[in-house]
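Structure file run-v6.cif (mmCIF, C-alpha atoms and all ligand atoms) follows.
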data_entry
#
loop_
_atom_site.label_atom_id
_atom_site.label_comp_id
_atom_site.auth_asym_id
_atom_site.auth_seq_id
_atom_site.Cartn_x
_atom_site.Cartn_y
_atom_site.Cartn_z
CA MET A 28 17.59 -41.64 3.46
CA LYS A 29 19.29 -41.44 6.86
CA PRO A 30 21.30 -38.28 7.59
CA LEU A 31 25.03 -39.06 7.32
CA VAL A 32 27.31 -37.84 10.12
CA MET A 33 31.07 -38.04 10.61
CA VAL A 34 32.08 -38.91 14.16
CA THR A 35 35.78 -38.17 14.67
CA GLY A 36 37.32 -40.06 17.58
CA GLY A 37 34.33 -42.42 17.36
CA THR A 38 36.17 -45.46 18.68
CA GLY A 39 37.15 -43.45 21.79
CA TYR A 40 35.30 -43.33 25.08
CA ILE A 41 32.68 -40.61 24.55
CA GLY A 42 32.66 -40.97 20.75
CA SER A 43 31.69 -44.66 20.87
CA HIS A 44 28.78 -44.00 23.24
CA THR A 45 27.64 -41.14 21.00
CA ALA A 46 27.92 -43.29 17.87
CA VAL A 47 25.54 -45.77 19.54
CA GLU A 48 22.99 -43.08 20.39
CA LEU A 49 23.22 -41.59 16.89
CA ILE A 50 22.66 -44.95 15.20
CA GLN A 51 19.75 -45.68 17.52
CA GLU A 52 18.25 -42.28 16.62
CA GLY A 53 18.35 -43.09 12.89
CA PHE A 54 21.65 -41.53 11.79
CA GLU A 55 24.18 -43.17 9.49
CA VAL A 56 27.62 -42.85 11.05
CA VAL A 57 31.12 -42.64 9.55
CA ILE A 58 33.74 -42.99 12.27
CA VAL A 59 37.16 -41.47 11.61
CA ASP A 60 39.84 -42.46 14.12
CA ASN A 61 43.57 -43.17 13.93
CA LEU A 62 43.32 -45.57 16.90
CA SER A 63 46.04 -43.61 18.75
CA ASN A 64 44.01 -43.97 21.97
CA SER A 65 41.40 -46.62 21.16
CA LYS A 66 40.98 -50.07 19.69
CA HIS A 67 39.40 -51.41 16.51
CA GLU A 68 37.34 -53.91 18.59
CA VAL A 69 35.22 -51.02 19.88
CA LEU A 70 33.42 -51.19 16.53
CA ASN A 71 32.23 -54.70 17.43
CA GLY A 72 30.84 -53.34 20.70
CA ILE A 73 28.91 -50.67 18.79
CA GLU A 74 27.57 -53.33 16.42
CA ALA A 75 26.61 -55.63 19.30
CA ILE A 76 24.47 -52.88 20.83
CA THR A 77 22.92 -51.36 17.69
CA GLY A 78 22.97 -54.21 15.17
CA VAL A 79 24.76 -51.82 12.80
CA MET A 80 28.46 -51.74 11.95
CA PRO A 81 29.31 -48.08 11.32
CA HIS A 82 31.53 -47.08 8.41
CA PHE A 83 35.10 -46.84 9.67
CA GLU A 84 38.01 -44.83 8.26
CA ASN A 85 41.35 -45.28 9.97
CA PHE A 86 43.52 -42.21 9.43
CA ASP A 87 44.99 -39.17 11.15
CA LEU A 88 42.86 -36.04 10.83
CA CYS A 89 46.07 -34.01 10.57
CA ASP A 90 46.39 -35.53 7.06
CA LEU A 91 44.35 -33.06 4.99
CA LYS A 92 44.76 -35.01 1.73
CA ARG A 93 43.35 -38.14 3.34
CA LEU A 94 40.52 -36.14 4.91
CA ARG A 95 39.62 -34.65 1.52
CA LYS A 96 39.49 -38.16 0.02
CA CYS A 97 37.19 -39.23 2.83
CA SER A 98 34.87 -36.26 2.19
CA GLU A 99 34.72 -37.22 -1.48
CA LYS A 100 33.90 -40.82 -0.58
CA TYR A 101 30.92 -39.66 1.55
CA PRO A 102 29.42 -36.72 -0.39
CA ARG A 103 26.19 -36.81 1.64
CA LEU A 104 27.88 -35.77 4.92
CA GLU A 105 25.73 -33.23 6.73
CA ALA A 106 27.62 -32.78 9.98
CA ILE A 107 30.72 -33.58 11.99
CA VAL A 108 30.72 -34.50 15.66
CA HIS A 109 34.33 -33.79 16.58
CA PHE A 110 35.70 -35.77 19.53
CA ALA A 111 39.18 -36.64 18.24
CA ALA A 112 41.86 -35.04 20.39
CA LEU A 113 44.70 -35.84 22.74
CA LYS A 114 43.31 -35.34 26.24
CA ALA A 115 45.75 -36.17 29.05
CA VAL A 116 46.37 -33.01 31.06
CA GLY A 117 49.72 -34.08 32.58
CA GLU A 118 51.06 -35.47 29.31
CA SER A 119 50.21 -32.20 27.58
CA VAL A 120 52.63 -30.40 29.92
CA ASP A 121 55.44 -32.78 28.86
CA ILE A 122 54.72 -32.78 25.11
CA PRO A 123 52.87 -29.52 24.45
CA LEU A 124 53.83 -29.28 20.78
CA ASP A 125 52.29 -32.69 20.06
CA TYR A 126 49.09 -31.52 21.73
CA TYR A 127 48.96 -28.23 19.84
CA HIS A 128 49.78 -29.96 16.57
CA ASN A 129 47.23 -32.76 16.94
CA ASN A 130 44.33 -30.83 18.39
CA PHE A 131 44.65 -27.69 16.27
CA GLU A 132 45.68 -29.27 12.96
CA SER A 133 42.81 -31.78 13.05
CA LEU A 134 40.26 -29.06 13.89
CA ILE A 135 41.57 -26.67 11.21
CA ASN A 136 41.47 -29.44 8.59
CA LEU A 137 37.89 -30.28 9.52
CA LEU A 138 36.85 -26.62 9.30
CA ARG A 139 38.50 -26.46 5.87
CA ILE A 140 36.58 -29.44 4.52
CA MET A 141 33.34 -28.12 6.00
CA GLY A 142 33.74 -25.09 3.74
CA ASP A 143 35.10 -26.96 0.72
CA TYR A 144 32.61 -29.86 0.72
CA SER A 145 29.51 -28.08 2.05
CA ILE A 146 29.31 -29.84 5.40
CA PRO A 147 27.57 -27.10 7.35
CA ASN A 148 27.41 -28.35 10.95
CA MET A 149 29.82 -29.22 13.76
CA VAL A 150 29.35 -30.33 17.34
CA PHE A 151 32.62 -29.79 19.21
CA SER A 152 33.90 -31.50 22.40
CA SER A 153 35.01 -28.82 24.79
CA SER A 154 35.64 -29.02 28.52
CA CYS A 155 34.87 -27.30 31.81
CA THR A 156 38.64 -26.93 32.06
CA VAL A 157 38.16 -23.63 30.15
CA TYR A 158 36.72 -22.12 33.37
CA GLY A 159 39.79 -22.96 35.53
CA GLN A 160 38.98 -22.46 39.23
CA PRO A 161 35.76 -20.49 38.86
CA ASP A 162 35.11 -17.52 41.15
CA HIS A 163 31.46 -18.52 41.59
CA LEU A 164 29.72 -21.89 41.69
CA PRO A 165 27.81 -23.29 39.91
CA VAL A 166 29.47 -22.33 36.65
CA THR A 167 27.32 -20.81 33.92
CA GLU A 168 28.30 -20.46 30.27
CA ASN A 169 28.88 -16.76 30.98
CA SER A 170 31.47 -17.46 33.67
CA PRO A 171 34.81 -16.06 32.51
CA VAL A 172 37.05 -18.31 30.47
CA LYS A 173 40.38 -18.26 32.29
CA LYS A 174 43.98 -18.71 31.31
CA ALA A 175 44.43 -22.44 30.85
CA SER A 176 46.45 -24.34 33.43
CA SER A 177 47.78 -26.82 30.85
CA PRO A 178 48.48 -27.00 27.11
CA TYR A 179 45.54 -29.43 26.84
CA GLY A 180 43.19 -26.91 28.43
CA ASN A 181 44.62 -24.24 26.16
CA THR A 182 43.80 -26.32 23.07
CA LYS A 183 40.13 -26.38 24.16
CA ARG A 184 39.99 -22.65 24.86
CA VAL A 185 41.70 -21.70 21.59
CA SER A 186 39.78 -24.32 19.56
CA GLU A 187 36.54 -22.65 20.57
CA GLU A 188 37.97 -19.34 19.29
CA ILE A 189 39.18 -20.92 16.04
CA ILE A 190 35.68 -22.28 15.40
CA GLN A 191 34.12 -18.86 16.00
CA ASP A 192 36.63 -17.16 13.67
CA ALA A 193 35.95 -19.75 10.95
CA ILE A 194 32.21 -19.14 11.28
CA ARG A 195 32.69 -15.36 11.07
CA ALA A 196 34.57 -15.84 7.82
CA ASN A 197 32.16 -18.39 6.33
CA SER A 198 28.48 -17.89 7.02
CA THR A 199 27.55 -21.35 5.69
CA ILE A 200 28.98 -23.15 8.74
CA ARG A 201 27.52 -23.40 12.23
CA ALA A 202 28.68 -25.06 15.41
CA ILE A 203 27.80 -25.96 18.97
CA SER A 204 30.55 -26.39 21.58
CA LEU A 205 29.66 -28.66 24.47
CA ARG A 206 31.66 -28.13 27.65
CA TYR A 207 31.75 -31.45 29.48
CA PHE A 208 32.25 -31.69 33.20
CA ASN A 209 33.49 -35.15 34.36
CA PRO A 210 32.16 -37.98 32.15
CA ILE A 211 32.06 -41.39 33.87
CA GLY A 212 30.41 -44.82 33.56
CA ALA A 213 29.86 -47.16 30.64
CA HIS A 214 27.07 -48.39 28.40
CA PRO A 215 24.59 -50.51 30.45
CA SER A 216 25.24 -53.48 28.11
CA ALA A 217 28.95 -53.38 29.13
CA ASN A 218 29.81 -53.77 25.42
CA ILE A 219 31.62 -50.43 25.38
CA GLY A 220 33.20 -48.24 28.07
CA GLU A 221 36.35 -46.35 28.95
CA LEU A 222 39.59 -48.10 27.95
CA PRO A 223 42.39 -46.31 29.76
CA LEU A 224 45.73 -47.32 28.28
CA GLY A 225 48.25 -47.73 31.11
CA VAL A 226 47.64 -46.38 34.58
CA PRO A 227 44.38 -44.40 34.71
CA LEU A 228 44.65 -40.76 35.68
CA ASN A 229 40.96 -40.16 36.37
CA LEU A 230 39.22 -41.07 39.59
CA VAL A 231 36.59 -43.62 38.54
CA PRO A 232 38.73 -45.92 36.34
CA TYR A 233 41.42 -45.88 39.06
CA LEU A 234 38.79 -46.76 41.64
CA THR A 235 37.31 -49.68 39.65
CA GLN A 236 40.81 -51.00 38.86
CA THR A 237 41.61 -50.89 42.57
CA VAL A 238 38.49 -52.84 43.49
CA ILE A 239 39.13 -55.47 40.80
CA GLY A 240 42.67 -55.88 42.17
CA LYS A 241 44.77 -54.27 39.41
CA ARG A 242 45.86 -51.41 41.71
CA GLU A 243 46.77 -51.73 45.35
CA GLU A 244 44.78 -48.81 46.72
CA LEU A 245 42.97 -45.71 45.57
CA ARG A 246 44.98 -42.61 46.36
CA VAL A 247 42.68 -39.83 47.51
CA PHE A 248 44.49 -36.68 46.47
CA GLY A 249 44.07 -34.29 49.38
CA ASN A 250 41.57 -34.01 52.24
CA ASP A 251 42.28 -30.39 53.10
CA TYR A 252 40.35 -28.71 50.30
CA ASN A 253 37.82 -26.02 51.01
CA THR A 254 34.89 -28.49 50.82
CA PRO A 255 32.66 -30.05 53.53
CA ASP A 256 34.72 -33.28 53.85
CA GLY A 257 37.99 -31.79 52.57
CA THR A 258 38.16 -33.86 49.35
CA GLY A 259 37.76 -32.38 45.87
CA ILE A 260 34.30 -31.83 44.42
CA ARG A 261 33.41 -32.43 40.74
CA ASP A 262 30.30 -32.76 38.61
CA TYR A 263 30.28 -36.40 37.39
CA ILE A 264 28.07 -36.91 34.36
CA TYR A 265 26.98 -40.30 33.00
CA VAL A 266 28.55 -40.85 29.58
CA VAL A 267 25.27 -42.07 28.03
CA ASP A 268 23.44 -38.94 29.22
CA LEU A 269 26.31 -36.94 27.73
CA ALA A 270 26.06 -38.88 24.45
CA ARG A 271 22.32 -38.13 24.24
CA ALA A 272 23.06 -34.42 24.47
CA HIS A 273 25.15 -34.68 21.30
CA VAL A 274 22.21 -36.13 19.38
CA ILE A 275 20.02 -33.27 20.56
CA ALA A 276 22.65 -30.65 19.69
CA LEU A 277 23.08 -32.20 16.26
CA LYS A 278 19.35 -32.18 15.58
CA ARG A 279 19.22 -28.55 16.67
CA LEU A 280 21.83 -27.71 14.03
CA LEU A 281 20.30 -29.89 11.30
CA GLU A 282 16.77 -28.63 11.90
CA SER A 283 18.03 -25.02 12.16
CA LYS A 284 16.05 -24.67 15.38
CA ASN A 285 18.15 -21.71 16.30
CA LYS A 286 19.37 -18.81 14.19
CA LYS A 287 22.62 -18.35 16.11
CA PRO A 288 25.60 -19.68 14.15
CA TYR A 289 27.53 -20.56 17.32
CA GLU A 290 26.41 -21.70 20.75
CA VAL A 291 28.00 -23.10 23.89
CA PHE A 292 26.41 -25.38 26.49
CA ASN A 293 27.61 -26.81 29.79
CA LEU A 294 26.99 -30.53 30.12
CA GLY A 295 26.95 -31.68 33.71
CA THR A 296 24.42 -32.77 36.31
CA GLY A 297 24.42 -29.49 38.23
CA LYS A 298 25.49 -31.29 41.39
CA GLY A 299 28.98 -31.73 42.80
CA TYR A 300 30.21 -34.83 44.65
CA SER A 301 33.39 -35.15 46.68
CA VAL A 302 35.89 -37.98 46.24
CA MET A 303 34.69 -39.48 49.55
CA GLU A 304 31.09 -39.33 48.33
CA ILE A 305 32.11 -41.18 45.16
CA ILE A 306 33.79 -43.89 47.23
CA ASN A 307 30.78 -44.24 49.54
CA THR A 308 28.24 -44.25 46.70
CA PHE A 309 30.30 -46.83 44.80
CA GLU A 310 30.33 -49.09 47.84
CA LYS A 311 26.58 -48.71 48.24
CA ALA A 312 25.87 -49.32 44.54
CA THR A 313 28.03 -52.41 44.19
CA GLY A 314 28.41 -53.89 47.68
CA GLU A 315 32.21 -53.83 47.12
CA LYS A 316 34.75 -52.29 49.50
CA VAL A 317 37.13 -49.61 48.18
CA LYS A 318 40.61 -49.66 49.68
CA PHE A 319 41.89 -46.09 49.82
CA LYS A 320 44.44 -43.86 51.53
CA ILE A 321 44.74 -40.10 51.81
CA TYR A 322 47.65 -38.69 49.79
CA PRO A 323 48.89 -35.12 49.31
CA ARG A 324 47.07 -32.90 46.84
CA ARG A 325 47.70 -33.53 43.14
CA PRO A 326 49.37 -30.44 41.61
CA GLY A 327 46.97 -28.36 39.50
CA ASP A 328 43.77 -29.71 41.13
CA ILE A 329 41.09 -27.28 42.24
CA ASP A 330 38.72 -27.41 45.24
CA ALA A 331 35.42 -27.69 43.49
CA VAL A 332 33.68 -27.25 40.16
CA TYR A 333 30.14 -28.05 39.07
CA ALA A 334 27.83 -26.85 36.35
CA ASP A 335 24.84 -24.62 36.14
CA THR A 336 22.91 -26.57 33.50
CA THR A 337 19.96 -24.20 33.14
CA LEU A 338 20.85 -23.24 29.57
CA ALA A 339 21.12 -26.85 28.32
CA ASN A 340 17.89 -27.72 30.21
CA LYS A 341 15.99 -24.82 28.66
CA GLU A 342 17.43 -24.53 25.17
CA LEU A 343 18.25 -28.16 24.38
CA GLY A 344 15.52 -29.67 26.52
CA TRP A 345 18.25 -31.95 27.87
CA LYS A 346 18.88 -33.02 31.42
CA ALA A 347 21.18 -35.61 32.98
CA GLU A 348 18.84 -38.37 34.12
CA THR A 349 20.94 -41.16 35.56
CA SER A 350 21.74 -41.23 39.27
CA LEU A 351 25.31 -41.38 40.52
CA GLU A 352 24.60 -44.78 42.02
CA GLN A 353 23.36 -46.24 38.70
CA THR A 354 26.28 -44.63 36.89
CA LEU A 355 28.91 -46.10 39.20
CA PHE A 356 27.20 -49.47 38.87
CA THR A 357 27.76 -49.36 35.07
CA ALA A 358 31.42 -48.43 35.63
CA TRP A 359 31.84 -51.48 37.83
CA ASN A 360 30.06 -53.81 35.36
CA TRP A 361 32.36 -52.56 32.62
CA GLU A 362 35.49 -53.18 34.73
CA LYS A 363 34.27 -56.73 35.39
CA ALA A 364 33.51 -57.28 31.67
CA LEU A 365 37.02 -56.09 30.76
CA ASN A 366 38.51 -58.46 33.29
CA ASN A 367 36.50 -61.41 31.93
CA LYS A 368 37.78 -60.74 28.39
CA LYS A 369 41.40 -61.26 29.51
P1 LIG B 1 39.44 -40.77 23.87
O1 LIG B 1 40.92 -40.64 23.88
O2 LIG B 1 38.82 -41.99 24.43
O3 LIG B 1 38.89 -40.57 22.37
C1 LIG B 1 39.51 -39.72 21.45
C2 LIG B 1 39.72 -40.51 20.16
O4 LIG B 1 40.30 -39.65 19.18
C3 LIG B 1 40.63 -41.70 20.32
O5 LIG B 1 39.97 -42.85 19.83
C4 LIG B 1 41.87 -41.35 19.45
O6 LIG B 1 42.41 -42.50 18.85
C5 LIG B 1 41.26 -40.38 18.46
N1 LIG B 1 42.19 -39.39 17.90
C6 LIG B 1 42.99 -38.52 18.59
N2 LIG B 1 43.67 -37.76 17.72
C7 LIG B 1 43.30 -38.13 16.47
C8 LIG B 1 43.67 -37.71 15.16
N3 LIG B 1 44.57 -36.76 14.95
N4 LIG B 1 43.09 -38.33 14.09
C9 LIG B 1 42.17 -39.30 14.29
N5 LIG B 1 41.81 -39.75 15.49
C10 LIG B 1 42.36 -39.17 16.57
O7 LIG B 1 38.86 -39.46 24.59
P2 LIG B 1 37.38 -39.17 25.16
O8 LIG B 1 37.45 -39.24 26.63
O9 LIG B 1 36.40 -39.96 24.42
O10 LIG B 1 37.27 -37.63 24.78
C11 LIG B 1 36.63 -37.21 23.58
C12 LIG B 1 36.71 -35.69 23.49
O11 LIG B 1 36.08 -35.11 24.64
C13 LIG B 1 38.12 -35.13 23.46
O12 LIG B 1 38.13 -34.01 22.60
C14 LIG B 1 38.36 -34.68 24.89
O13 LIG B 1 39.31 -33.65 24.97
C15 LIG B 1 36.98 -34.20 25.27
N6 LIG B 1 36.73 -34.21 26.72
C16 LIG B 1 36.86 -35.38 27.40
C17 LIG B 1 36.64 -35.40 28.79
C18 LIG B 1 36.80 -36.69 29.56
O14 LIG B 1 36.81 -36.63 30.79
N7 LIG B 1 36.91 -37.85 28.95
C19 LIG B 1 36.27 -34.23 29.45
C20 LIG B 1 36.13 -33.05 28.71
C21 LIG B 1 36.35 -33.06 27.34
C1 LIG B 2 40.72 -33.90 34.76
C2 LIG B 2 41.26 -32.71 34.02
C3 LIG B 2 40.21 -32.13 33.11
C4 LIG B 2 39.68 -33.21 32.19
C5 LIG B 2 39.17 -34.37 33.04
C6 LIG B 2 38.73 -35.51 32.19
C7 LIG B 2 42.93 -31.73 35.54
C8 LIG B 2 43.28 -30.56 36.39
N1 LIG B 2 41.72 -31.71 34.95
O1 LIG B 2 39.65 -33.43 35.58
O2 LIG B 2 40.77 -31.10 32.32
O3 LIG B 2 38.65 -32.68 31.40
O4 LIG B 2 40.22 -34.85 33.88
O5 LIG B 2 39.79 -36.12 31.54
O6 LIG B 2 43.70 -32.67 35.39
N2 LIG B 2 41.34 -38.05 42.29
C9 LIG B 2 41.82 -38.80 43.35
N3 LIG B 2 42.53 -39.93 43.06
C10 LIG B 2 42.79 -40.35 41.78
C11 LIG B 2 42.29 -39.55 40.71
C12 LIG B 2 41.57 -38.41 41.01
O7 LIG B 2 41.61 -38.48 44.51
O8 LIG B 2 43.45 -41.37 41.59
C13 LIG B 2 40.53 -36.85 42.61
C14 LIG B 2 41.07 -35.56 42.04
O9 LIG B 2 41.94 -34.95 42.93
C15 LIG B 2 39.77 -34.77 41.79
C16 LIG B 2 38.74 -35.85 41.47
O10 LIG B 2 39.27 -37.06 42.00
O11 LIG B 2 39.37 -34.12 42.98
C17 LIG B 2 38.49 -36.02 39.98
O12 LIG B 2 39.72 -36.21 39.32
P1 LIG B 2 39.83 -36.63 37.78
O13 LIG B 2 38.93 -37.77 37.52
O14 LIG B 2 41.26 -36.78 37.43
O15 LIG B 2 39.19 -35.40 36.99
P2 LIG B 2 39.55 -33.83 37.08
O16 LIG B 2 40.85 -33.61 37.73
O17 LIG B 2 38.37 -33.12 37.59
#

Could you render the structure from this file as structure tokens?
Amino acid sequence: MKPLVMVTGGTGYIGSHTAVELIQEGFEVVIVDNLSNSKHEVLNGIEAITGVMPHFENFDLCDLKRLRKCSEKYPRLEAIVHFAALKAVGESVDIPLDYYHNNFESLINLLRIMGDYSIPNMVFSSSCTVYGQPDHLPVTENSPVKKASSPYGNTKRVSEEIIQDAIRANSTIRAISLRYFNPIGAHPSANIGELPLGVPLNLVPYLTQTVIGKREELRVFGNDYNTPDGTGIRDYIYVVDLARAHVIALKRLLESKNKKPYEVFNLGTGKGYSVMEIINTFEKATGEKVKFKIYPRRPGDIDAVYADTTLANKELGWKAETSLEQTLFTAWNWEKALNNKK
């Protein structure tokens, strides 16, 4: 019998790519999502790639009664991969209580059912935002966790603490937190990808929308940062490489490969690229021209951040494999596929 796994937020960007990898690795997947930031059609994309339609439960994880019912419906659940969260940094400043309510309540409810229904394992989506502007680069897992610069960032920092407290109080549960750097790109089939609702806030979707003609020009936020070309540096990780890391982390928990009840891993490539390097690499990968203009810095942005991935390389045996050029090519194919659907 295939191991049964709940993927919360599984119709979202990273969750859908992870659901695909899990199915392809022989897992049976139950997606729970309230579709607050994703669409039901994503399930068709997952089926088109894998040949399997995952189980789907449409409800809000803040509803504990509904979550209990779901756990009773799937008594074989062995693990939860928890992606579901609100994630827009700027929005979290405007509506902090909604962010705290959604991200904490859903996590607490999941930790409750893990204890009550003997679901021992969780893989949790965390973020490099917990490091703030690091004092040293690259950032290791031992770099200090800093005061969050937004309510969203704070939900990630505190969620990691909530998970550790829950584990201290209940020795039957174990978890791995994965701190993502900047996930980009789409599945090579272009059946699934990032679906930003409204104007994208992140660099790559804004860039592809500019090239396809939906936006007038890419605004490069600041060219006076303390970096070689003055534009901000980030560690852009291909979403499929990121998804693969979840499968490995999950297997590590299920196979009890490690005695530690809680672990944290950085997931990045280990290399930082500036905004100008992204533009140039995109042009090289696709043969398209990117129209851009230098704008003032975006408030809250930092000069540079990129990961030290030694721990994930060594302990998980995982490494980001896809080049930036290939990754940006998938992002462009996805933008074109989206445009053709309309
Ligand atoms: P996404 O918005 O595409 O996916 C999240 C999904 O969760 C959505 O489908 C949404 O409908 C669902 N959801 C939200 N709240 C819910 C609730 N209460 N009940 C049920 N479903 C709910 O986001 P993503 O980019 O795929 O991010 C996944 C996770 O990774 C999030 O926890 C995010 O904070 C984290 N993360 C993302 C990035 C990034 O750059 N995308 C970086 C670091 C960390
Ligand atoms: C942001 C969040 C981070 C979150 C991540 C993924 C902040 C401070 N951080 O990371 O917590 O995990 O998104 O959702 O908001 N840029 C432009 N023009 C644009 C958009 C971005 O020049 O239109 C630049 C930015 O200044 C930055 C780089 O591109 O230097 C990457 O930006 P973005 O994709 O928004 O990610 P982060 O800000 O790193």

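Going from CA of Asn250 (chain A) to CA of Val231 (chain A) covers 17.5 Å.
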
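You can rank A:Ile194, A:Ile306, A:Ala312, A:Ala272 by their closest distance to Gly344 (chain A) using all atoms listed in the file, and at the top of that list sits A:Ala272.
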
Please put the answer as lines of an AutoDock Vina configuration file: centre and edge lengths, in Å with one decimal, of a box along x, y and z that encloses all listed atoms of region 204-212 of chain A plus 4 Å on each side.
center_x = 31.6
center_y = -35.6
center_z = 28.0
size_x = 11.8
size_y = 26.4
size_z = 20.8

### Task
Please measure the separation of atom O4 of ligand LIG 2 (chain B) and CA of Thr313 (chain A), giving the value in Å to one decimal.
23.7 Å

For ligand LIG 2 (chain B), list the contacting residues at 8 Å or closer, counting all atoms listed in the file, as a short mmCIF file (atom, residue, chain, number, x, y, z; two decimals) with C-alpha atoms, in the frame of the given file.
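Writing done, so here's result-v2.cif:
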data_model
loop_
_atom_site.label_atom_id
_atom_site.label_comp_id
_atom_site.auth_asym_id
_atom_site.auth_seq_id
_atom_site.Cartn_x
_atom_site.Cartn_y
_atom_site.Cartn_z
CA LYS A 114 43.31 -35.34 26.24
CA ALA A 115 45.75 -36.17 29.05
CA VAL A 116 46.37 -33.01 31.06
CA GLY A 117 49.72 -34.08 32.58
CA SER A 154 35.64 -29.02 28.52
CA CYS A 155 34.87 -27.30 31.81
CA THR A 156 38.64 -26.93 32.06
CA SER A 176 46.45 -24.34 33.43
CA TYR A 179 45.54 -29.43 26.84
CA GLY A 180 43.19 -26.91 28.43
CA TYR A 207 31.75 -31.45 29.48
CA PHE A 208 32.25 -31.69 33.20
CA ASN A 209 33.49 -35.15 34.36
CA PRO A 210 32.16 -37.98 32.15
CA PRO A 227 44.38 -44.40 34.71
CA LEU A 228 44.65 -40.76 35.68
CA ASN A 229 40.96 -40.16 36.37
CA LEU A 230 39.22 -41.07 39.59
CA VAL A 231 36.59 -43.62 38.54
CA TYR A 233 41.42 -45.88 39.06
CA LEU A 234 38.79 -46.76 41.64
CA LEU A 245 42.97 -45.71 45.57
CA ARG A 246 44.98 -42.61 46.36
CA VAL A 247 42.68 -39.83 47.51
CA PHE A 248 44.49 -36.68 46.47
CA GLY A 249 44.07 -34.29 49.38
CA THR A 258 38.16 -33.86 49.35
CA GLY A 259 37.76 -32.38 45.87
CA ILE A 260 34.30 -31.83 44.42
CA ARG A 261 33.41 -32.43 40.74
CA SER A 301 33.39 -35.15 46.68
CA VAL A 302 35.89 -37.98 46.24
CA ARG A 324 47.07 -32.90 46.84
CA ARG A 325 47.70 -33.53 43.14
CA GLY A 327 46.97 -28.36 39.50
CA ASP A 328 43.77 -29.71 41.13
CA ILE A 329 41.09 -27.28 42.24
CA ASP A 330 38.72 -27.41 45.24
CA ALA A 331 35.42 -27.69 43.49
CA VAL A 332 33.68 -27.25 40.16
#

#### Entry: Shell of 7 Å around ligand LIG 1 (chain B) (all atoms listed in the file), written as a PyMOL selection string
chain A and resi 35-42+59-65+86-89+110-114+129-130+133+152-155+206-210+221

### Query
Distance CA of Ile73 (chain A)-CA of His44 (chain A), one decimal place?
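A separation of 8.0 Å between them.
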
### A:Ile264, A:Ala217, A:Leu205, A:Val274 ranked by distance to Ile76 (chain A), top pick (using all atoms listed in the file)
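Closest residue, counting all atoms listed in the file: A:Ala217.
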
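Nearest to Leu134 (chain A) of all the residues A:Ala358, A:Leu164, A:Ile122, A:Val108 is A:Val108, based on only C-alpha atoms.
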
### Query
For Thr182 (chain A), which residue among A:Pro123, A:Gly159, A:Pro326, A:Gly257 is the nearest when counting all atoms listed in the file?
A:Pro123

### Task
Please work out which residues fall within 12 Å of (26.1, -16.0, 7.1), coordinates as given in the file, with only C-alpha atoms counting, and return them as a PyMOL selection string.
chain A and resi 147+193-201+286-289

### Message
Between A:Leu294, A:Ile321, A:Val267, A:Leu91, which residue has the minimum interatomic distance to Thr336 (chain A), considering all atoms listed in the file?
### Response
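That would be A:Leu294, the residue with the smallest distance to Thr336 (chain A).
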
For region 354-364 of chain A, supply N, CA and C atoms and report the output as a PDB file, keeping the file's coordinate frame.
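Printed below is part_39.pdb as written:
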ATOM      1  N   THR A 354      25.120 -44.895  37.751  1.00  0.00           N
ATOM      2  CA  THR A 354      26.280 -44.630  36.890  1.00  0.00           C
ATOM      3  C   THR A 354      27.498 -45.418  37.370  1.00  0.00           C
ATOM      4  N   LEU A 355      27.738 -45.393  38.672  1.00  0.00           N
ATOM      5  CA  LEU A 355      28.910 -46.100  39.200  1.00  0.00           C
ATOM      6  C   LEU A 355      28.733 -47.609  39.053  1.00  0.00           C
ATOM      7  N   PHE A 356      27.483 -48.050  39.089  1.00  0.00           N
ATOM      8  CA  PHE A 356      27.200 -49.470  38.870  1.00  0.00           C
ATOM      9  C   PHE A 356      27.623 -49.881  37.456  1.00  0.00           C
ATOM     10  N   THR A 357      27.355 -49.019  36.452  1.00  0.00           N
ATOM     11  CA  THR A 357      27.760 -49.360  35.070  1.00  0.00           C
ATOM     12  C   THR A 357      29.282 -49.373  34.945  1.00  0.00           C
ATOM     13  N   ALA A 358      29.944 -48.466  35.683  1.00  0.00           N
ATOM     14  CA  ALA A 358      31.420 -48.430  35.630  1.00  0.00           C
ATOM     15  C   ALA A 358      31.992 -49.738  36.170  1.00  0.00           C
ATOM     16  N   TRP A 359      31.369 -50.245  37.225  1.00  0.00           N
ATOM     17  CA  TRP A 359      31.840 -51.480  37.830  1.00  0.00           C
ATOM     18  C   TRP A 359      31.558 -52.682  36.915  1.00  0.00           C
ATOM     19  N   ASN A 360      30.385 -52.723  36.303  1.00  0.00           N
ATOM     20  CA  ASN A 360      30.060 -53.810  35.360  1.00  0.00           C
ATOM     21  C   ASN A 360      31.041 -53.833  34.199  1.00  0.00           C
ATOM     22  N   TRP A 361      31.418 -52.653  33.741  1.00  0.00           N
ATOM     23  CA  TRP A 361      32.360 -52.560  32.620  1.00  0.00           C
ATOM     24  C   TRP A 361      33.739 -53.077  33.052  1.00  0.00           C
ATOM     25  N   GLU A 362      34.189 -52.703  34.243  1.00  0.00           N
ATOM     26  CA  GLU A 362      35.490 -53.180  34.730  1.00  0.00           C
ATOM     27  C   GLU A 362      35.482 -54.711  34.808  1.00  0.00           C
ATOM     28  N   LYS A 363      34.369 -55.266  35.282  1.00  0.00           N
ATOM     29  CA  LYS A 363      34.270 -56.730  35.390  1.00  0.00           C
ATOM     30  C   LYS A 363      34.275 -57.373  34.001  1.00  0.00           C
ATOM     31  N   ALA A 364      33.559 -56.742  33.050  1.00  0.00           N
ATOM     32  CA  ALA A 364      33.510 -57.280  31.670  1.00  0.00           C
ATOM     33  C   ALA A 364      34.906 -57.261  31.058  1.00  0.00           C
TER      34      ALA A 364
END
